[in-house]
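Novice: Below: one structure in C-alpha cells.
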Amino acid sequence: MPLAIADATSLTEAGYIGDDIESVVSKLLTAADNDVEKAECGIIFVDEIDKLARKKNATTRDVSGESVQQGMLKLLEGSEVEVPVGAGSKNAMVPMAKVNTKNILFICGGAFPDLDDVIKQRLRKETSIGFDAELKDKWDKEKSILSKVTVEDIKKFGMIPEFVGRMPIICTLEGLTEDALVKILKEPKNAIIRQYTSLLSMDEVKLTFEDDALKEIAKKALEKETGARGLRAVIEEYMLDIMYEVPKDENIGEVIITKDFIEGKGSPEIRMREFVVPGIDNARTYLIK
C-alpha cells in the first residue's frame, strides 16, 4: 500500500508561491509509481497540521493558514482532483492525472503547542468556594492533559469547524517518560549511543554507558522539555571532550560513562589497553598506565 508523508508548512493557497494543496496527493501518486488505481487506496500523513491554524490578529492575508484548511476540505471529503505528476504545483509543462480521494486514508498530526492552555482554561471555567473547592492550579501538574481534548478546544486553537468535522477521530499521544527516553537511547538501529560507540570504535576505543548514567541523561533531557531531541543536547555536552581527547592517547582502550560523571561528581572511567609483552614467561599481559 503506498504511503506518502507531506509537510503542511509548505502548503499555500492556490496562486501563491509554495506547494499547492494537491501536491500531497501528487506525492502519493509518486509513491504508487504513478499508478492511479493503486494511489486511490493509499495513505497520506500530513505532518505539522497545527501550523495551518487560523492566525490571531493577523493584519495581512493568511495564505498558509485558514485558506489552506478550506482548500483541503474537498480533498478530505473525497472528490476527483487533478494532480500534477511529479511536481509541487500545476503548470502547463507538467502532465496531470485525475485521482479520486474517496478511499484515501488521511492522517493529520502535529504538536499543537499551547493547546494544553486552551484545555486548562475550559476545565477551570467552573468556579467554586469552600473546603471542597477546586484549586486554580489543579490542572497545572497534569501530565496527560491533552487526553482531555475536545473538538471545541481544537476549534478554539484555530482549526475551522468544517476541517475538524472531516477528521472524525481525535487521538492523543502520551508524553515521553524517563523509561521511554532510555529505550530511545538504546534500542533504535541508529540510536545516538550506537553512533558514538561506532565513532570511537574507529579509533579502536570501546565506549560503554552504564544503565544509571543513561537514566540520568534521560532525567536531564526531561528537564529541557524538548522531547527526545533533548537527548542529543545532553549527550553532546558530556561527550565533546571525550570525542576530541581520547583518540589522541593511543594507550586508552575503553571509556565508561558513569552516573557520577553525568551528575558532575567525577570523571568517566578510563581503562588502558592491554599489551602482550614479548619475552615474558606464559606471555603474561601487562597493563600500561
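Labels used: A, B, ... for chains in the order of the C-alpha cells, numbers from 1 for residues in each chain, and numbers from 1 for ligands as shown.
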Find the residues around Ser144 of chain A up to 9 Å (only C-alpha atoms counted), leave out those fewer than 6 positions away in its own chain, and share them as a VMD selection string.
Specialist: chain A and resid 173 to 175
Novice: List every residue of segment 15-254 of chain A that DSSP, applied to the backbone of this structure, places in strand (DSSP E), and write the result as a VMD selection string.
Specialist: chain A and resid 43 to 47 80 to 84 96 to 100 105 to 108 206 to 209 252 to 254
Novice: For the selection you just gave me, I'd like the residues written to a file as an mmCIF file, in the first residue's frame, keeping C-alpha atoms.
Specialist:
data_model
loop_
_atom_site.group_PDB
_atom_site.id
_atom_site.type_symbol
_atom_site.label_atom_id
_atom_site.label_comp_id
_atom_site.auth_asym_id
_atom_site.auth_seq_id
_atom_site.Cartn_x
_atom_site.Cartn_y
_atom_site.Cartn_z
ATOM 1 C CA ILE A 43 -2.415 6.557 2.976
ATOM 2 C CA ILE A 44 -1.404 10.220 3.265
ATOM 3 C CA PHE A 45 0.128 11.506 6.506
ATOM 4 C CA VAL A 46 0.094 15.306 6.728
ATOM 5 C CA ASP A 47 2.573 16.453 9.365
ATOM 6 C CA GLU A 80 -11.842 13.771 -8.085
ATOM 7 C CA VAL A 81 -8.861 16.116 -8.159
ATOM 8 C CA GLU A 82 -6.419 16.929 -10.921
ATOM 9 C CA VAL A 83 -2.962 16.181 -9.618
ATOM 10 C CA PRO A 84 0.352 17.295 -11.175
ATOM 11 C CA MET A 96 -1.963 15.991 -14.953
ATOM 12 C CA ALA A 97 -3.702 12.905 -13.585
ATOM 13 C CA LYS A 98 -7.209 12.563 -12.134
ATOM 14 C CA VAL A 99 -7.257 10.923 -8.695
ATOM 15 C CA ASN A 100 -10.350 10.084 -6.634
ATOM 16 C CA LEU A 105 -6.867 7.480 4.331
ATOM 17 C CA PHE A 106 -5.786 10.905 5.576
ATOM 18 C CA ILE A 107 -3.899 11.104 8.871
ATOM 19 C CA CYS A 108 -3.026 14.565 10.184
ATOM 20 C CA LYS A 206 35.406 0.832 23.366
ATOM 21 C CA LEU A 207 32.676 3.126 24.697
ATOM 22 C CA THR A 208 30.278 1.887 27.389
ATOM 23 C CA PHE A 209 27.359 3.652 29.063
ATOM 24 C CA ILE A 252 43.320 4.314 26.118
ATOM 25 C CA GLY A 253 41.333 1.177 25.344
ATOM 26 C CA GLU A 254 37.927 1.752 26.969
#
Novice: Please provide as a PyMOL selection string all residues within 8 Å of segment 53-55 of chain A, with the sequence filter that same-chain residues fewer than 6 positions apart are discarded (counting only C-alpha atoms).
Specialist: chain A and resi 62+65-66+157-160
Novice: Those residues you just picked out, can you put them in a file as a PDB file, in the first residue's frame with N, CA and C atoms?
Specialist:
ATOM      1  N   ASP A  62      -3.693  35.698   5.144  1.00  0.00           N
ATOM      2  CA  ASP A  62      -3.110  34.446   5.637  1.00  0.00           C
ATOM      3  C   ASP A  62      -3.210  33.382   4.544  1.00  0.00           C
ATOM      4  N   GLY A  65      -2.591  29.465   6.136  1.00  0.00           N
ATOM      5  CA  GLY A  65      -3.283  29.059   7.357  1.00  0.00           C
ATOM      6  C   GLY A  65      -4.694  28.596   7.082  1.00  0.00           C
ATOM      7  N   GLU A  66      -5.659  29.439   7.452  1.00  0.00           N
ATOM      8  CA  GLU A  66      -7.070  29.078   7.301  1.00  0.00           C
ATOM      9  C   GLU A  66      -7.451  28.773   5.862  1.00  0.00           C
ATOM     10  N   PHE A 157      -8.342  26.585  19.190  1.00  0.00           N
ATOM     11  CA  PHE A 157      -6.913  26.656  18.854  1.00  0.00           C
ATOM     12  C   PHE A 157      -6.711  27.350  17.510  1.00  0.00           C
ATOM     13  N   GLY A 158      -7.697  27.190  16.602  1.00  0.00           N
ATOM     14  CA  GLY A 158      -7.583  27.867  15.305  1.00  0.00           C
ATOM     15  C   GLY A 158      -7.940  27.008  14.109  1.00  0.00           C
ATOM     16  N   MET A 159      -8.398  25.792  14.341  1.00  0.00           N
ATOM     17  CA  MET A 159      -8.810  24.940  13.225  1.00  0.00           C
ATOM     18  C   MET A 159     -10.290  25.207  12.929  1.00  0.00           C
ATOM     19  N   ILE A 160     -10.646  25.343  11.648  1.00  0.00           N
ATOM     20  CA  ILE A 160     -12.027  25.689  11.308  1.00  0.00           C
ATOM     21  C   ILE A 160     -12.948  24.480  11.519  1.00  0.00           C
TER      22      ILE A 160
END
Novice: Give the answer as one residue: which of A:Phe163, A:Tyr16, A:Tyr244, A:Phe261 has the shortest atom-to-atom distance to Asp212 of chain A, using only C-alpha atoms?
Specialist: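 Checking each of A:Phe163, A:Tyr16, A:Tyr244, A:Phe261 against Asp212 of chain A, counting only C-alpha atoms, the winner is A:Phe261.
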Novice: Tell me which of A:Ile5, A:Met72, A:Ala87, A:Leu11 sits closest to Ser26 of chain A, counting only C-alpha atoms.
Specialist: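 Answer, going by the shortest atom-to-atom distance: A:Ala87.
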Novice: Find the distance between atom CA of Asp117 of chain A and atom CA of Asp153 of chain A and write it in Å to one decimal.
Specialist: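 A separation of 9.6 Å between them.
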Novice: Could you pull out the residues in segment 243-275 of chain A that DSSP calls alpha helix (DSSP H) from the backbone, as a list in words?
Specialist: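 Taking segment 243-275 of chain A and keeping alpha helix (DSSP H) only, one gets Met243, Tyr244, Glu245, Lys259, Asp260, Phe261, Ile262 and Glu263 of chain A.
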Novice: Ranking A:Glu245, A:Glu162, A:Asp211, A:Glu223 by minimum distance to Lys74 of chain A and counting only C-alpha atoms, which one comes first?
Specialist: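 With only C-alpha atoms as the atom set, the closest residue is A:Glu162.
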Novice: Quick one: of A:Ala228, A:Ala4, A:Leu115, A:Leu75, who's nearest to Ala180 of chain A, counting only C-alpha atoms?
Specialist: A:Ala228
Novice: Please provide as a list in words all residues within 9 Å of Ala14 of chain A, with the sequence filter that same-chain residues fewer than 4 positions apart are discarded (counting only C-alpha atoms).
Specialist: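 Once the adjacent positions are removed, what remains is Gly18, Asp19, Asp20, Ile21, Val63, Val68, Gly71 and Ser89 of chain A.
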Novice: Restricted to N, CA and C atoms, what would the selected residues look like written as an mmCIF file, in the first residue's frame?
Specialist:
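Everything below was put into selection10.cif:
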data_model
loop_
_atom_site.group_PDB
_atom_site.id
_atom_site.type_symbol
_atom_site.label_atom_id
_atom_site.label_comp_id
_atom_site.auth_asym_id
_atom_site.auth_seq_id
_atom_site.Cartn_x
_atom_site.Cartn_y
_atom_site.Cartn_z
ATOM 1 N N GLY A 18 4.731 28.489 -3.283
ATOM 2 C CA GLY A 18 4.658 27.364 -2.347
ATOM 3 C C GLY A 18 3.981 26.189 -3.028
ATOM 4 N N ASP A 19 3.823 25.095 -2.302
ATOM 5 C CA ASP A 19 3.188 23.901 -2.869
ATOM 6 C C ASP A 19 1.670 24.035 -2.849
ATOM 7 N N ASP A 20 1.041 23.631 -3.940
ATOM 8 C CA ASP A 20 -0.428 23.595 -3.964
ATOM 9 C C ASP A 20 -0.922 22.465 -3.070
ATOM 10 N N ILE A 21 -2.191 22.557 -2.686
ATOM 11 C CA ILE A 21 -2.771 21.555 -1.789
ATOM 12 C C ILE A 21 -2.778 20.171 -2.438
ATOM 13 N N VAL A 63 -2.137 33.244 3.740
ATOM 14 C CA VAL A 63 -2.180 32.329 2.582
ATOM 15 C C VAL A 63 -1.735 30.913 2.942
ATOM 16 N N VAL A 68 -5.677 27.382 3.560
ATOM 17 C CA VAL A 68 -5.228 26.031 3.186
ATOM 18 C C VAL A 68 -6.184 24.994 3.774
ATOM 19 N N GLY A 71 -9.058 24.873 1.528
ATOM 20 C CA GLY A 71 -8.703 24.197 0.285
ATOM 21 C C GLY A 71 -8.637 22.689 0.423
ATOM 22 N N SER A 89 3.365 21.976 -7.980
ATOM 23 C CA SER A 89 2.296 22.906 -8.367
ATOM 24 C C SER A 89 1.909 22.693 -9.828
#
Novice: Check the smallest atom-to-atom distance from each of A:Ala39, A:Ala8, A:Cys171, A:Ile270 to Leu52 of chain A using only C-alpha atoms, then report the winner.
Specialist: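 Distance minimum relative to Leu52 of chain A lands on A:Ala8.
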